[in-house]
file run13.pdb (PDB, C-alpha atoms, pLDDT in the B column)
ATOM      1  CA  MET A  14      -6.233  42.250  41.690  1.00 70.00           C
ATOM      2  CA  ALA A  15      -9.427  40.530  42.697  1.00 91.00           C
ATOM      3  CA  ALA A  16     -10.180  37.867  45.249  1.00 96.00           C
ATOM      4  CA  PHE A  17     -10.163  34.438  43.638  1.00 98.00           C
ATOM      5  CA  ASP A  18     -13.510  32.639  43.701  1.00 98.00           C
ATOM      6  CA  ILE A  19     -13.619  28.992  42.625  1.00 98.00           C
ATOM      7  CA  ALA A  20     -17.203  29.530  41.431  1.00 97.00           C
ATOM      8  CA  SER A  21     -15.876  31.972  38.806  1.00 98.00           C
ATOM      9  CA  LEU A  22     -14.288  29.061  36.912  1.00 98.00           C
ATOM     10  CA  ARG A  23     -16.112  27.457  34.010  1.00 98.00           C
ATOM     11  CA  PHE A  24     -16.618  23.840  34.983  1.00 98.00           C
ATOM     12  CA  ASP A  25     -18.020  21.496  32.337  1.00 96.00           C
ATOM     13  CA  ALA A  26     -21.385  19.717  32.414  1.00 94.00           C
ATOM     14  CA  ARG A  27     -19.903  17.141  34.801  1.00 95.00           C
ATOM     15  CA  GLY A  28     -18.671  19.896  37.126  1.00 97.00           C
ATOM     16  CA  LEU A  29     -15.037  19.305  36.120  1.00 98.00           C
ATOM     17  CA  ILE A  30     -12.185  21.394  34.735  1.00 98.00           C
ATOM     18  CA  PRO A  31      -8.970  20.063  33.133  1.00 98.00           C
ATOM     19  CA  ALA A  32      -5.787  20.671  35.114  1.00 98.00           C
ATOM     20  CA  ILE A  33      -2.273  20.446  33.680  1.00 98.00           C
ATOM     21  CA  ALA A  34       0.469  19.645  36.191  1.00 98.00           C
ATOM     22  CA  GLN A  35       3.844  21.141  35.292  1.00 98.00           C
ATOM     23  CA  ALA A  36       7.137  20.791  37.160  1.00 98.00           C
ATOM     24  CA  ARG A  37       9.206  23.902  37.877  1.00 97.00           C
ATOM     25  CA  ASP A  38      11.662  22.882  35.141  1.00 97.00           C
ATOM     26  CA  GLY A  39       8.857  23.115  32.575  1.00 98.00           C
ATOM     27  CA  THR A  40       8.141  19.399  32.181  1.00 98.00           C
ATOM     28  CA  VAL A  41       4.437  18.739  31.622  1.00 98.00           C
ATOM     29  CA  LEU A  42       3.796  15.887  34.037  1.00 98.00           C
ATOM     30  CA  MET A  43       0.154  14.955  33.431  1.00 98.00           C
ATOM     31  CA  LEU A  44      -3.347  16.143  32.699  1.00 98.00           C
ATOM     32  CA  ALA A  45      -6.146  15.305  35.116  1.00 98.00           C
ATOM     33  CA  TRP A  46      -9.473  16.749  36.224  1.00 98.00           C
ATOM     34  CA  MET A  47     -10.615  18.816  39.161  1.00 98.00           C
ATOM     35  CA  SER A  48     -13.995  19.424  40.717  1.00 98.00           C
ATOM     36  CA  ALA A  49     -14.675  22.561  42.739  1.00 98.00           C
ATOM     37  CA  ASP A  50     -14.228  20.497  45.896  1.00 98.00           C
ATOM     38  CA  SER A  51     -10.933  19.003  44.778  1.00 98.00           C
ATOM     39  CA  LEU A  52      -9.569  22.445  43.923  1.00 98.00           C
ATOM     40  CA  ALA A  53     -10.700  23.804  47.299  1.00 98.00           C
ATOM     41  CA  GLU A  54      -8.965  20.859  49.001  1.00 98.00           C
ATOM     42  CA  THR A  55      -5.807  21.511  46.948  1.00 98.00           C
ATOM     43  CA  LEU A  56      -5.727  25.166  47.960  1.00 98.00           C
ATOM     44  CA  ARG A  57      -6.503  24.362  51.598  1.00 97.00           C
ATOM     45  CA  THR A  58      -3.841  21.681  52.023  1.00 98.00           C
ATOM     46  CA  GLY A  59      -1.248  22.404  49.325  1.00 98.00           C
ATOM     47  CA  ASP A  60      -1.465  18.730  48.316  1.00 98.00           C
ATOM     48  CA  VAL A  61      -2.750  18.503  44.757  1.00 98.00           C
ATOM     49  CA  THR A  62      -6.076  16.677  44.785  1.00 98.00           C
ATOM     50  CA  TYR A  63      -7.904  15.735  41.600  1.00 98.00           C
ATOM     51  CA  TRP A  64     -11.287  14.223  40.883  1.00 98.00           C
ATOM     52  CA  SER A  65     -10.986  10.592  39.816  1.00 96.00           C
ATOM     53  CA  ARG A  66     -13.460  10.072  36.974  1.00 94.00           C
ATOM     54  CA  SER A  67     -12.993   6.290  37.126  1.00 93.00           C
ATOM     55  CA  ARG A  68     -13.552   6.001  40.867  1.00 94.00           C
ATOM     56  CA  GLY A  69     -15.916   8.964  41.218  1.00 96.00           C
ATOM     57  CA  GLU A  70     -14.138  10.362  44.262  1.00 97.00           C
ATOM     58  CA  LEU A  71     -11.538  12.854  45.406  1.00 97.00           C
ATOM     59  CA  TRP A  72      -8.051  11.643  44.507  1.00 97.00           C
ATOM     60  CA  ARG A  73      -5.197  13.073  46.513  1.00 98.00           C
ATOM     61  CA  LYS A  74      -2.301  12.491  44.150  1.00 97.00           C
ATOM     62  CA  GLY A  75       0.164  10.107  45.768  1.00 96.00           C
ATOM     63  CA  ALA A  76      -2.189   9.043  48.566  1.00 95.00           C
ATOM     64  CA  THR A  77      -1.283   5.396  47.983  1.00 93.00           C
ATOM     65  CA  SER A  78       2.004   5.654  46.018  1.00 93.00           C
ATOM     66  CA  GLY A  79       3.594   8.437  48.054  1.00 95.00           C
ATOM     67  CA  HIS A  80       4.236  10.275  44.773  1.00 96.00           C
ATOM     68  CA  VAL A  81       2.617  13.470  45.978  1.00 98.00           C
ATOM     69  CA  GLN A  82       2.405  16.820  44.247  1.00 98.00           C
ATOM     70  CA  ARG A  83       2.859  19.960  46.319  1.00 98.00           C
ATOM     71  CA  LEU A  84       1.226  23.000  44.798  1.00 98.00           C
ATOM     72  CA  VAL A  85       3.647  25.805  43.991  1.00 98.00           C
ATOM     73  CA  GLU A  86       1.209  28.018  42.100  1.00 98.00           C
ATOM     74  CA  LEU A  87      -2.244  27.812  40.561  1.00 98.00           C
ATOM     75  CA  ARG A  88      -2.778  29.517  37.206  1.00 98.00           C
ATOM     76  CA  ILE A  89      -5.991  30.060  35.248  1.00 98.00           C
ATOM     77  CA  ASP A  90      -6.347  30.435  31.511  1.00 98.00           C
ATOM     78  CA  CYS A  91      -7.957  33.326  29.644  1.00 98.00           C
ATOM     79  CA  ASP A  92     -11.294  31.512  29.245  1.00 97.00           C
ATOM     80  CA  ARG A  93     -11.295  30.310  32.864  1.00 98.00           C
ATOM     81  CA  ASP A  94     -11.933  26.757  31.662  1.00 98.00           C
ATOM     82  CA  ALA A  95      -8.482  25.237  32.167  1.00 98.00           C
ATOM     83  CA  LEU A  96      -5.969  25.210  35.034  1.00 98.00           C
ATOM     84  CA  LEU A  97      -2.191  25.036  35.130  1.00 99.00           C
ATOM     85  CA  LEU A  98      -0.709  23.718  38.361  1.00 98.00           C
ATOM     86  CA  VAL A  99       2.972  24.400  38.944  1.00 98.00           C
ATOM     87  CA  VAL A 100       4.016  21.629  41.315  1.00 98.00           C
ATOM     88  CA  ASP A 101       6.868  19.998  43.158  1.00 98.00           C
ATOM     89  CA  GLN A 102       6.528  16.319  42.278  1.00 98.00           C
ATOM     90  CA  THR A 103       7.835  13.639  44.623  1.00 97.00           C
ATOM     91  CA  GLY A 104       8.876  10.548  42.637  1.00 97.00           C
ATOM     92  CA  PRO A 105       7.409   9.727  39.239  1.00 97.00           C
ATOM     93  CA  ALA A 106       4.150  11.448  38.288  1.00 97.00           C
ATOM     94  CA  CYS A 107       2.954   8.603  36.061  1.00 97.00           C
ATOM     95  CA  HIS A 108       1.358   5.396  37.322  1.00 95.00           C
ATOM     96  CA  THR A 109       3.782   3.527  35.017  1.00 97.00           C
ATOM     97  CA  ASN A 110       6.619   4.857  37.228  1.00 97.00           C
ATOM     98  CA  ARG A 111       7.819   7.146  34.493  1.00 98.00           C
ATOM     99  CA  PRO A 112       8.610  10.753  35.448  1.00 97.00           C
ATOM    100  CA  ALA A 113       5.741  12.093  33.318  1.00 98.00           C
ATOM    101  CA  CYS A 114       2.721  10.678  31.494  1.00 98.00           C
ATOM    102  CA  PHE A 115       3.520  12.034  27.997  1.00 98.00           C
ATOM    103  CA  PHE A 116       6.282   9.523  27.279  1.00 98.00           C
ATOM    104  CA  THR A 117       5.026   8.393  23.874  1.00 98.00           C
ATOM    105  CA  ALA A 118       5.972  10.433  20.817  1.00 98.00           C
ATOM    106  CA  VAL A 119       4.733  10.049  17.258  1.00 98.00           C
ATOM    107  CA  ARG A 120       7.622  10.236  14.796  1.00 97.00           C
ATOM    108  CA  ASP A 121       7.290   9.413  11.107  1.00 95.00           C
ATOM    109  CA  GLY A 122       3.958   7.769  11.835  1.00 95.00           C
ATOM    110  CA  GLN A 123       5.409   5.447  14.479  1.00 97.00           C
ATOM    111  CA  GLU A 124       4.964   5.495  18.247  1.00 98.00           C
ATOM    112  CA  VAL A 125       8.272   5.909  20.072  1.00 98.00           C
ATOM    113  CA  ILE A 126       8.672   5.441  23.842  1.00 98.00           C
ATOM    114  CA  LEU A 127      10.853   8.285  25.126  1.00 98.00           C
ATOM    115  CA  THR A 128      11.428   7.249  28.737  1.00 97.00           C
ATOM    116  CA  GLU A 129      11.475   4.031  30.727  1.00 96.00           C
ATOM    117  CA  PRO A 130      10.060   3.398  34.209  1.00 97.00           C
ATOM    118  CA  VAL A 131      12.319   4.425  37.055  1.00 92.00           C
ATOM    119  CA  ALA A 132      13.086   2.254  40.072  1.00 86.00           C
ATOM    120  CA  THR A 133      11.028   3.293  43.098  1.00 74.00           C
TER
ATOM    121  CA  MET B 193       7.489   0.687  17.904  1.00 69.00           C
ATOM    122  CA  ALA B 194       4.023   0.507  16.425  1.00 92.00           C
ATOM    123  CA  ALA B 195       2.305   2.474  13.696  1.00 96.00           C
ATOM    124  CA  PHE B 196       0.289   5.327  15.183  1.00 98.00           C
ATOM    125  CA  ASP B 197      -3.446   5.062  14.614  1.00 98.00           C
ATOM    126  CA  ILE B 198      -5.628   8.045  15.544  1.00 98.00           C
ATOM    127  CA  ALA B 199      -8.487   5.633  16.280  1.00 97.00           C
ATOM    128  CA  SER B 200      -6.424   4.179  19.127  1.00 98.00           C
ATOM    129  CA  LEU B 201      -6.878   7.406  21.115  1.00 98.00           C
ATOM    130  CA  ARG B 202      -9.629   7.678  23.695  1.00 98.00           C
ATOM    131  CA  PHE B 203     -11.863  10.507  22.533  1.00 98.00           C
ATOM    132  CA  ASP B 204     -14.620  11.648  24.906  1.00 96.00           C
ATOM    133  CA  ALA B 205     -18.376  11.355  24.325  1.00 94.00           C
ATOM    134  CA  ARG B 206     -18.198  14.421  22.042  1.00 95.00           C
ATOM    135  CA  GLY B 207     -15.410  12.835  19.996  1.00 97.00           C
ATOM    136  CA  LEU B 208     -12.809  15.225  21.441  1.00 98.00           C
ATOM    137  CA  ILE B 209      -9.485  14.920  23.267  1.00 98.00           C
ATOM    138  CA  PRO B 210      -7.728  17.690  25.217  1.00 98.00           C
ATOM    139  CA  ALA B 211      -4.477  18.956  23.678  1.00 98.00           C
ATOM    140  CA  ILE B 212      -1.852  20.958  25.549  1.00 98.00           C
ATOM    141  CA  ALA B 213       0.347  23.192  23.388  1.00 98.00           C
ATOM    142  CA  GLN B 214       3.840  23.698  24.775  1.00 98.00           C
ATOM    143  CA  ALA B 215       6.653  25.817  23.345  1.00 98.00           C
ATOM    144  CA  ARG B 216      10.134  24.324  23.022  1.00 97.00           C
ATOM    145  CA  ASP B 217      11.287  26.394  26.011  1.00 97.00           C
ATOM    146  CA  GLY B 218       8.744  24.600  28.192  1.00 98.00           C
ATOM    147  CA  THR B 219       6.106  27.336  28.360  1.00 98.00           C
ATOM    148  CA  VAL B 220       2.589  25.920  28.395  1.00 98.00           C
ATOM    149  CA  LEU B 221       0.845  28.071  25.823  1.00 98.00           C
ATOM    150  CA  MET B 222      -2.774  26.893  25.907  1.00 98.00           C
ATOM    151  CA  LEU B 223      -5.171  24.001  26.233  1.00 98.00           C
ATOM    152  CA  ALA B 224      -7.645  23.302  23.441  1.00 98.00           C
ATOM    153  CA  TRP B 225      -9.518  20.347  21.970  1.00 98.00           C
ATOM    154  CA  MET B 226      -8.984  18.105  18.980  1.00 98.00           C
ATOM    155  CA  SER B 227     -11.293  15.849  17.023  1.00 98.00           C
ATOM    156  CA  ALA B 228      -9.915  12.914  15.047  1.00 98.00           C
ATOM    157  CA  ASP B 229     -10.245  15.023  11.897  1.00 98.00           C
ATOM    158  CA  SER B 230      -8.420  18.005  13.379  1.00 98.00           C
ATOM    159  CA  LEU B 231      -5.562  15.789  14.529  1.00 98.00           C
ATOM    160  CA  ALA B 232      -5.346  14.171  11.092  1.00 98.00           C
ATOM    161  CA  GLU B 233      -5.237  17.643   9.524  1.00 98.00           C
ATOM    162  CA  THR B 234      -2.524  18.697  11.990  1.00 98.00           C
ATOM    163  CA  LEU B 235      -0.373  15.680  11.130  1.00 98.00           C
ATOM    164  CA  ARG B 236      -0.971  16.101   7.406  1.00 97.00           C
ATOM    165  CA  THR B 237      -0.126  19.811   7.222  1.00 98.00           C
ATOM    166  CA  GLY B 238       2.077  20.474  10.260  1.00 98.00           C
ATOM    167  CA  ASP B 239      -0.193  23.410  11.094  1.00 98.00           C
ATOM    168  CA  VAL B 240      -1.854  22.779  14.446  1.00 98.00           C
ATOM    169  CA  THR B 241      -5.598  22.551  13.914  1.00 98.00           C
ATOM    170  CA  TYR B 242      -8.048  22.247  16.796  1.00 98.00           C
ATOM    171  CA  TRP B 243     -11.784  21.697  17.026  1.00 98.00           C
ATOM    172  CA  SER B 244     -13.593  24.887  17.984  1.00 96.00           C
ATOM    173  CA  ARG B 245     -16.297  23.893  20.462  1.00 93.00           C
ATOM    174  CA  SER B 246     -17.912  27.339  20.240  1.00 93.00           C
ATOM    175  CA  ARG B 247     -18.068  27.421  16.448  1.00 94.00           C
ATOM    176  CA  GLY B 248     -18.414  23.677  15.893  1.00 96.00           C
ATOM    177  CA  GLU B 249     -15.785  23.578  13.161  1.00 97.00           C
ATOM    178  CA  LEU B 250     -12.123  22.898  12.465  1.00 97.00           C
ATOM    179  CA  TRP B 251      -9.971  25.740  13.757  1.00 96.00           C
ATOM    180  CA  ARG B 252      -6.564  26.136  12.196  1.00 98.00           C
ATOM    181  CA  LYS B 253      -4.751  28.078  14.883  1.00 97.00           C
ATOM    182  CA  GLY B 254      -3.749  31.469  13.519  1.00 96.00           C
ATOM    183  CA  ALA B 255      -5.914  31.225  10.396  1.00 95.00           C
ATOM    184  CA  THR B 256      -7.172  34.777  10.951  1.00 93.00           C
ATOM    185  CA  SER B 257      -4.551  36.213  13.344  1.00 93.00           C
ATOM    186  CA  GLY B 258      -1.483  34.787  11.640  1.00 95.00           C
ATOM    187  CA  HIS B 259      -0.378  33.460  15.029  1.00 96.00           C
ATOM    188  CA  VAL B 260       0.125  29.947  13.749  1.00 98.00           C
ATOM    189  CA  GLN B 261       1.504  26.922  15.549  1.00 98.00           C
ATOM    190  CA  ARG B 262       3.818  24.579  13.669  1.00 98.00           C
ATOM    191  CA  LEU B 263       3.875  21.094  15.092  1.00 98.00           C
ATOM    192  CA  VAL B 264       7.296  19.988  16.302  1.00 98.00           C
ATOM    193  CA  GLU B 265       6.177  16.754  17.953  1.00 98.00           C
ATOM    194  CA  LEU B 266       2.988  15.025  19.022  1.00 98.00           C
ATOM    195  CA  ARG B 267       3.024  13.160  22.327  1.00 98.00           C
ATOM    196  CA  ILE B 268       0.363  10.922  23.866  1.00 98.00           C
ATOM    197  CA  ASP B 269      -0.217  10.271  27.549  1.00 98.00           C
ATOM    198  CA  CYS B 270      -0.270   6.895  29.302  1.00 98.00           C
ATOM    199  CA  ASP B 271      -4.068   6.645  29.201  1.00 97.00           C
ATOM    200  CA  ARG B 272      -4.228   7.794  25.572  1.00 98.00           C
ATOM    201  CA  ASP B 273      -6.820  10.414  26.538  1.00 98.00           C
ATOM    202  CA  ALA B 274      -4.678  13.556  26.428  1.00 98.00           C
ATOM    203  CA  LEU B 275      -2.223  15.024  23.912  1.00 98.00           C
ATOM    204  CA  LEU B 276       0.850  17.186  24.295  1.00 99.00           C
ATOM    205  CA  LEU B 277       1.816  19.214  21.238  1.00 98.00           C
ATOM    206  CA  VAL B 278       5.318  20.619  21.169  1.00 98.00           C
ATOM    207  CA  VAL B 279       5.039  23.610  18.848  1.00 98.00           C
ATOM    208  CA  ASP B 280       6.795  26.571  17.336  1.00 98.00           C
ATOM    209  CA  GLN B 281       4.434  29.476  18.030  1.00 98.00           C
ATOM    210  CA  THR B 282       4.403  32.534  15.775  1.00 97.00           C
ATOM    211  CA  GLY B 283       3.365  35.614  17.754  1.00 96.00           C
ATOM    212  CA  PRO B 284       1.261  35.410  20.904  1.00 97.00           C
ATOM    213  CA  ALA B 285      -0.667  32.175  21.490  1.00 97.00           C
ATOM    214  CA  CYS B 286      -3.471  33.850  23.428  1.00 97.00           C
ATOM    215  CA  HIS B 287      -6.353  35.761  21.847  1.00 95.00           C
ATOM    216  CA  THR B 288      -5.625  38.547  24.375  1.00 96.00           C
ATOM    217  CA  ASN B 289      -2.260  39.018  22.603  1.00 97.00           C
ATOM    218  CA  ARG B 290      -0.388  37.617  25.565  1.00 98.00           C
ATOM    219  CA  PRO B 291       2.316  35.032  24.850  1.00 97.00           C
ATOM    220  CA  ALA B 292       0.360  32.293  26.646  1.00 98.00           C
ATOM    221  CA  CYS B 293      -3.165  31.803  28.005  1.00 98.00           C
ATOM    222  CA  PHE B 294      -2.221  30.958  31.617  1.00 98.00           C
ATOM    223  CA  PHE B 295      -1.345  34.520  32.599  1.00 98.00           C
ATOM    224  CA  THR B 296      -3.443  34.682  35.756  1.00 98.00           C
ATOM    225  CA  ALA B 297      -1.963  33.347  38.986  1.00 98.00           C
ATOM    226  CA  VAL B 298      -3.653  32.884  42.335  1.00 98.00           C
ATOM    227  CA  ARG B 299      -1.466  34.166  45.154  1.00 97.00           C
ATOM    228  CA  ASP B 300      -2.659  34.552  48.747  1.00 95.00           C
ATOM    229  CA  GLY B 301      -6.220  34.196  47.523  1.00 95.00           C
ATOM    230  CA  GLN B 302      -5.910  37.023  45.000  1.00 97.00           C
ATOM    231  CA  GLU B 303      -5.756  36.886  41.216  1.00 98.00           C
ATOM    232  CA  VAL B 304      -2.551  38.375  39.847  1.00 98.00           C
ATOM    233  CA  ILE B 305      -1.970  39.123  36.148  1.00 98.00           C
ATOM    234  CA  LEU B 306       1.537  37.926  35.268  1.00 98.00           C
ATOM    235  CA  THR B 307       1.948  39.242  31.732  1.00 97.00           C
ATOM    236  CA  GLU B 308       0.527  42.059  29.644  1.00 96.00           C
ATOM    237  CA  PRO B 309      -0.536  41.971  25.989  1.00 97.00           C
ATOM    238  CA  VAL B 310       2.283  42.413  23.498  1.00 92.00           C
ATOM    239  CA  ALA B 311       2.141  44.790  20.530  1.00 86.00           C
ATOM    240  CA  THR B 312       1.361  42.921  17.317  1.00 74.00           C
TER
END
call {"tool": "encode", "arguments": {"input": "run13.pdb", "output": "structure tokens"}}
result
Amino acid sequence: MAAFDIASLRFDARGLIPAIAQARDGTVLMLAWMSADSLAETLRTGDVTYWSRSRGELWRKGATSGHVQRLVELRIDCDRDALLLVVDQTGPACHTNRPACFFTAVRDGQEVILTEPVAT
Amino acid sequence: MAAFDIASLRFDARGLIPAIAQARDGTVLMLAWMSADSLAETLRTGDVTYWSRSRGELWRKGATSGHVQRLVELRIDCDRDALLLVVDQTGPACHTNRPACFFTAVRDGQEVILTEPVAT
């Protein structure tokens, strides 16, 4: 065991690292990006906080929608350049109101929508 | 339904898109990167093929180790800038010979190794 140091992660040239959010049942909810600050905020508060590349600011997931993610466990990959966040998701994870963002499958060369938006 | 066109994906400035490989049991095996060519090769052959950023070439997973990934299903996220690959993994997915790359957890500020290498 060693003390975890955020600076030991391999952030990219923009200072970001990809983070996969996974529900406890194994569902991959989404992929987003974290800065060192957003990861520190996530660990400090337990509320998963990403870096919004479009807005250029910290993005506490669910801050406006209420569809928050509580961090269950942070995991790091072998190259220290990707994160896996096991989370408890309140409401749908996707901005389309679907439970997860990966709702489009490619089957026989066609796009197939696997899930519909849920009522919120 | 619409025909799937690789060019409809949002590749980054390097021409790459992050791809999460997930086993059928829900385990997140790894995160790697695909170019348009590597995705086309994956769809053509069924053998998951990434783009190796370190070597700057197509990387058919398991080409040297034998630890291949057969594509079960390709999924696309809502923003079309991330992929989820459901796969059948032969042998360990991680180059450390662990089943998956996310074997390090952060608990109470300490790094904890969750799984050990398997004999291959």
call {"tool": "residues_around", "arguments": {"input": "run13.pdb", "residues": "Met222 in chain B", "least_positions_apart": "3", "cutoff": "9 Å", "atoms": "only C-alpha atoms", "output": "list in words"}}
result
Asp90 and Ala95 of chain A; Ala211, Ile212, Ala213, Gln214, Ala285, Cys286, Ala292, Cys293 and Phe294 of chain B
call {"tool": "atom_distance", "arguments": {"input": "run13.pdb", "atom1": "CA of Leu87 in chain A", "atom2": "CA of Ile209 in chain B"}}
result
22.8 Å
call {"tool": "resolve_selection", "arguments": {"input": "run13.pdb", "expression": "the PyMOL selection byres ((chain B) within 8 of (chain A))", "output": "PyMOL selection string"}}
result
chain B and resi 193-196+217-219+222-223+265-270+274-276+286+288+293-299+301-305
call {"tool": "axis_aligned_box", "arguments": {"input": "run13.pdb", "around": "range 103-121 of chain A", "padding_each_side": "6 Å", "output": "JSON"}}
result
{"center_x": 5.1, "center_y": 8.6, "center_z": 27.9, "size_x": 19.5, "size_y": 22.1, "size_z": 45.5}
call {"tool": "residues_near_point", "arguments": {"input": "run13.pdb", "point": "(9.6, 3.3, 36.1)", "cutoff": "8 Å", "atoms": "all atoms listed in the file", "output": "number ranges by chain"}}
result
A: 105, 109-112, 129-133
call {"tool": "atom_distance", "arguments": {"input": "run13.pdb", "atom1": "CA of Thr282 in chain B", "atom2": "CA of Leu263 in chain B"}}
result
11.5 Å
call {"tool": "resolve_selection", "arguments": {"input": "run13.pdb", "expression": "the PyMOL selection byres ((chain A and resi 73) around 12)", "output": "PyMOL selection string"}}
result
chain A and resi 45-47+50-52+54-55+58-65+70-72+74-84
call {"tool": "write_last_selection", "arguments": {"input": "run13.pdb", "atoms": "C-alpha atoms", "output": "PDB file, in the frame of the given file"}}
result
ATOM      1  CA  ALA A  45      -6.146  15.305  35.116  1.00 98.00           C
ATOM      2  CA  TRP A  46      -9.473  16.749  36.224  1.00 98.00           C
ATOM      3  CA  MET A  47     -10.615  18.816  39.161  1.00 98.00           C
ATOM      4  CA  ASP A  50     -14.228  20.497  45.896  1.00 98.00           C
ATOM      5  CA  SER A  51     -10.933  19.003  44.778  1.00 98.00           C
ATOM      6  CA  LEU A  52      -9.569  22.445  43.923  1.00 98.00           C
ATOM      7  CA  GLU A  54      -8.965  20.859  49.001  1.00 98.00           C
ATOM      8  CA  THR A  55      -5.807  21.511  46.948  1.00 98.00           C
ATOM      9  CA  THR A  58      -3.841  21.681  52.023  1.00 98.00           C
ATOM     10  CA  GLY A  59      -1.248  22.404  49.325  1.00 98.00           C
ATOM     11  CA  ASP A  60      -1.465  18.730  48.316  1.00 98.00           C
ATOM     12  CA  VAL A  61      -2.750  18.503  44.757  1.00 98.00           C
ATOM     13  CA  THR A  62      -6.076  16.677  44.785  1.00 98.00           C
ATOM     14  CA  TYR A  63      -7.904  15.735  41.600  1.00 98.00           C
ATOM     15  CA  TRP A  64     -11.287  14.223  40.883  1.00 98.00           C
ATOM     16  CA  SER A  65     -10.986  10.592  39.816  1.00 96.00           C
ATOM     17  CA  GLU A  70     -14.138  10.362  44.262  1.00 97.00           C
ATOM     18  CA  LEU A  71     -11.538  12.854  45.406  1.00 97.00           C
ATOM     19  CA  TRP A  72      -8.051  11.643  44.507  1.00 97.00           C
ATOM     20  CA  LYS A  74      -2.301  12.491  44.150  1.00 97.00           C
ATOM     21  CA  GLY A  75       0.164  10.107  45.768  1.00 96.00           C
ATOM     22  CA  ALA A  76      -2.189   9.043  48.566  1.00 95.00           C
ATOM     23  CA  THR A  77      -1.283   5.396  47.983  1.00 93.00           C
ATOM     24  CA  SER A  78       2.004   5.654  46.018  1.00 93.00           C
ATOM     25  CA  GLY A  79       3.594   8.437  48.054  1.00 95.00           C
ATOM     26  CA  HIS A  80       4.236  10.275  44.773  1.00 96.00           C
ATOM     27  CA  VAL A  81       2.617  13.470  45.978  1.00 98.00           C
ATOM     28  CA  GLN A  82       2.405  16.820  44.247  1.00 98.00           C
ATOM     29  CA  ARG A  83       2.859  19.960  46.319  1.00 98.00           C
ATOM     30  CA  LEU A  84       1.226  23.000  44.798  1.00 98.00           C
TER      31      LEU A  84
END
call {"tool": "atom_distance", "arguments": {"input": "run13.pdb", "atom1": "CA of Phe24 in chain A", "atom2": "CA of Arg202 in chain B"}}
result
20.9 Å
